[in-house]
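Engineer: Okay, handing you the structure first.
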Amino acid sequence: MKTNRSIRARMLAGTTLALTASLVLTACGGGTASEAEPKQAEQAKNAKATPVKNPLVASFDGGLYVLDGESLKLAKTVELPGFNRVNPAGDQDHVVVSTDSGFRVYDAARQTFTDAEFKGAKPGHVVRHGGRTVLFTDGTGEVNVFDPADLAGGKRPEGRSYTSAEAHHGVAIELAGGELVTTLGTEEKRTGALALDRNNKEIARAENCPGVHGEAAAQGEVVAFGCEDGVLLYKDGEFTKVDAPGDYARTGNQAGSDASPILLGDYKTDPDAELERPTRISLIDTRTAKMKLVDLGTSYSFRSLARGPHGEALVLGTNGVLHVIDPETGEVEKKIEAVGDWTEPLDWQQPRPTLFVRDHTAYVSEPGKRQLHSFDLESGEKGASVTLPKATNELSGTVDGH
């Protein structure tokens with residue numbers, strides 16, 4: 001995934017702006033002593049701010065919104081030029097923000113950036129699993145692993161690191177036993193994955209997963225990577241391939257749950273499409289290494305997949321319906337009218353309704369109306385709604401991984 005020229009231009013231009021009273025940070029983490037002083041003053045001011053409980057963080061073109069997770073009240077607007085991505089850091093306070101300069105850690109509870117930063121070109125996937133958070137920097141192939149509890153001090157946490165043989169758009173995950181499972185590839189071609197022991201010594205390898213993309217972990221620490229012809233599983237120290245029907249069937253985005261042995265994935269079959277809008281999802285049973293397809297009768301996007309607290313498979317359709325699916329049977333158990341009809345934009349960086357789930361609450365953005373909504377997954381009832389100054393893009397929040 002490449003940042004287009006216009007967006008990159010805005011990010012580069014944004015780093016030259018002078019700090020104003022409302023500016024929380026510059027786009028890059030370094031700077032001169034004169035730049036550091038207002039940053040420290042802003043951090044000191046925010047340290048005294050009333051903490052936000054269970055905060056949400058939504059990106060918009062040029063910044064971030066921090067919201068109260070229950071009321072959805074806007075607590076802070078953060079100016080941050082460029083296209084920024086947001087992921088849970090793995091604790092109750094922080095999120096990881098992918099910027100043009102690398103990964104930066106934002107204390108969403110106290111509404112301030114910390115000094116924790118992992119610099120590098122093209123920051124990519126952020127993965128939380130088993131009390132560890134793993135960052136993959138596409139531009140360098142560097143993998144960084146840390147305990148999110150160590151973010152409490154505001155400094156960059158010490159942790160494990162590994163550098164891929166070649167830089168690529170990849171992803172990695174660390175398991176409870178210390179194995180680090182990470183993708184193989186180059187900038188031009190991605191082929192599979194390998195597993196390393198706690199000393200970064202290779203213990204297993206698979207190169208039969210063309211176009212490898214994305215990861216998810218199922219019950220029992222079974223890890224899946226999406227391929228262009230199925231799914232690659234890592235289970236009990238070995239790789240297993242789940243074949244999909246046909247020569248091309250891409251499952252590049254997945255969602256897993258510790259409460260279910262079945263993974264939820266997308267399912268695309270047209271390699272020549274400028275943008276395929278599939279209506280079928282895939283359910284991958286990690287016990288049998290079999291894939292089941294379910295046609296929802298509506299398309300969805302890569303930001304439409306999530307899992308509920310009991311392992312439910314959740315899919316937000318372009319018909320505005322949040323589908324609650326039994327992963328064992330593939331039956332749609334509940335339909336929650338979440339937003340209005342929408343169409344997935346051709347440019348993946350453009351806003352579209354996005355699903356984020358925390359505990360029993362589903363949060364859904366509706367950028368066409370500049371709104372965010374919350375829904376109770378048990379009752380299906382709408383909780384709060386808010387209208388924001390600008391349309392949001394990515395939607396995330398704090399999630400305790402311990």
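Ordered as shown in the structure tokens, chains take letters A, B, and onward, while each chain numbers its residues from 1 and ligands are numbered from 1 in the order shown.
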Using only C-alpha atoms, which residues sit within 9 Å of stretch 361-377 of chain A once same-chain residues fewer than 5 positions away are excluded, as a ChimeraX atom specification?
Structural biologist: /A:58,69-70,72,308-309,316,324,336,338-340,342,351-356,382-396
Engineer: Quick one: write out the picked residues with N, CA, C and O atoms as a compact mmCIF listing (two decimals), in the first residue's frame?
Structural biologist:
# COMPACT_ATOMS: atom_id res chain seq x y z
N ALA A 58 -10.26 8.67 16.45
CA ALA A 58 -10.64 8.62 15.04
C ALA A 58 -9.77 9.59 14.26
O ALA A 58 -9.53 10.71 14.69
N GLY A 69 -15.40 7.07 25.36
CA GLY A 69 -15.91 5.82 24.82
C GLY A 69 -17.35 5.52 25.15
O GLY A 69 -17.98 4.69 24.48
N GLU A 70 -17.91 6.17 26.16
CA GLU A 70 -19.31 5.93 26.52
C GLU A 70 -20.24 6.98 25.93
O GLU A 70 -21.23 6.65 25.25
N LEU A 72 -19.32 9.37 23.72
CA LEU A 72 -18.81 9.81 22.42
C LEU A 72 -18.56 11.31 22.37
O LEU A 72 -18.37 11.88 21.30
N GLY A 308 -16.94 -10.34 18.00
CA GLY A 308 -17.64 -9.97 19.22
C GLY A 308 -17.04 -10.64 20.43
O GLY A 308 -16.14 -11.47 20.34
N PRO A 309 -17.56 -10.34 21.63
CA PRO A 309 -17.00 -10.86 22.88
C PRO A 309 -17.14 -12.36 23.04
O PRO A 309 -16.39 -12.97 23.80
N LEU A 316 -19.79 -5.39 8.66
CA LEU A 316 -20.57 -4.21 8.34
C LEU A 316 -20.73 -4.13 6.82
O LEU A 316 -19.76 -3.94 6.10
N VAL A 324 -24.34 -9.97 12.52
CA VAL A 324 -23.80 -10.76 13.62
C VAL A 324 -23.96 -12.23 13.23
O VAL A 324 -25.07 -12.74 13.12
N ILE A 336 -28.17 -5.55 12.70
CA ILE A 336 -28.28 -4.27 13.38
C ILE A 336 -28.21 -3.15 12.34
O ILE A 336 -27.22 -3.03 11.62
N ALA A 338 -27.16 -0.06 11.29
CA ALA A 338 -26.13 0.78 11.88
C ALA A 338 -26.01 2.15 11.21
O ALA A 338 -26.01 3.18 11.88
N VAL A 339 -25.89 2.16 9.88
CA VAL A 339 -25.72 3.41 9.13
C VAL A 339 -26.52 3.32 7.85
O VAL A 339 -27.14 2.31 7.55
N GLY A 340 -26.47 4.39 7.05
CA GLY A 340 -27.13 4.37 5.76
C GLY A 340 -26.32 3.60 4.72
O GLY A 340 -25.19 3.18 4.97
N TRP A 342 -23.90 2.78 1.71
CA TRP A 342 -22.65 3.43 1.34
C TRP A 342 -21.95 2.63 0.25
O TRP A 342 -22.28 1.47 0.00
N PRO A 351 -12.14 7.87 3.22
CA PRO A 351 -13.04 7.43 4.28
C PRO A 351 -14.17 6.54 3.77
O PRO A 351 -14.67 6.71 2.66
N ARG A 352 -14.54 5.62 4.62
CA ARG A 352 -15.74 4.80 4.44
C ARG A 352 -16.17 4.34 5.83
O ARG A 352 -15.36 4.37 6.78
N PRO A 353 -17.44 3.93 6.02
CA PRO A 353 -17.85 3.45 7.34
C PRO A 353 -16.89 2.37 7.86
O PRO A 353 -16.48 1.47 7.11
N THR A 354 -16.53 2.52 9.11
CA THR A 354 -15.52 1.65 9.72
C THR A 354 -16.07 1.07 11.01
O THR A 354 -16.77 1.75 11.77
N LEU A 355 -15.72 -0.19 11.27
CA LEU A 355 -16.20 -0.92 12.45
C LEU A 355 -15.05 -1.12 13.43
O LEU A 355 -13.97 -1.58 13.04
N PHE A 356 -15.28 -0.77 14.68
CA PHE A 356 -14.33 -1.04 15.77
C PHE A 356 -15.12 -1.61 16.93
O PHE A 356 -16.15 -1.06 17.31
N LYS A 382 -28.98 1.03 19.72
CA LYS A 382 -28.02 2.11 19.57
C LYS A 382 -27.78 2.78 20.91
O LYS A 382 -28.71 3.00 21.69
N GLY A 383 -26.52 3.11 21.17
CA GLY A 383 -26.18 3.80 22.40
C GLY A 383 -26.10 5.29 22.16
O GLY A 383 -27.10 5.99 22.16
N ALA A 384 -24.90 5.78 21.90
CA ALA A 384 -24.69 7.21 21.68
C ALA A 384 -24.37 7.49 20.22
O ALA A 384 -23.99 6.59 19.46
N SER A 385 -24.53 8.74 19.83
CA SER A 385 -24.13 9.22 18.51
C SER A 385 -23.52 10.61 18.67
O SER A 385 -23.88 11.34 19.59
N VAL A 386 -22.62 10.96 17.76
CA VAL A 386 -22.02 12.28 17.79
C VAL A 386 -21.77 12.75 16.36
O VAL A 386 -21.48 11.94 15.47
N THR A 387 -21.92 14.04 16.13
CA THR A 387 -21.58 14.64 14.85
C THR A 387 -20.31 15.47 15.05
O THR A 387 -20.25 16.30 15.96
N LEU A 388 -19.30 15.22 14.22
CA LEU A 388 -18.00 15.84 14.38
C LEU A 388 -17.76 16.91 13.32
O LEU A 388 -18.45 16.95 12.30
N PRO A 389 -16.79 17.79 13.54
CA PRO A 389 -16.54 18.86 12.57
C PRO A 389 -16.16 18.36 11.18
O PRO A 389 -16.52 18.96 10.18
N LYS A 390 -15.41 17.24 11.13
CA LYS A 390 -14.98 16.70 9.85
C LYS A 390 -15.29 15.20 9.79
O LYS A 390 -15.42 14.54 10.82
N ALA A 391 -15.38 14.67 8.58
CA ALA A 391 -15.59 13.24 8.39
C ALA A 391 -14.37 12.47 8.86
O ALA A 391 -13.23 12.86 8.61
N THR A 392 -14.60 11.38 9.56
CA THR A 392 -13.50 10.57 10.06
C THR A 392 -13.14 9.48 9.06
O THR A 392 -13.91 9.13 8.17
N ASN A 393 -11.94 8.93 9.24
CA ASN A 393 -11.46 7.86 8.38
C ASN A 393 -11.24 6.59 9.19
O ASN A 393 -12.10 5.75 9.26
N GLU A 394 -10.09 6.48 9.84
CA GLU A 394 -9.86 5.30 10.67
C GLU A 394 -10.49 5.50 12.05
O GLU A 394 -10.63 6.63 12.53
N LEU A 395 -10.86 4.37 12.67
CA LEU A 395 -11.51 4.41 13.98
C LEU A 395 -10.92 3.32 14.84
O LEU A 395 -10.87 2.15 14.44
N SER A 396 -10.44 3.68 16.02
CA SER A 396 -9.83 2.72 16.91
C SER A 396 -10.00 3.19 18.34
O SER A 396 -10.78 4.11 18.62
Engineer: Between A:Gly102, A:Gly192, A:Pro345, A:Gly90, which one has atoms that come closest to A:Thr240, using only C-alpha atoms?
Structural biologist: A:Gly192
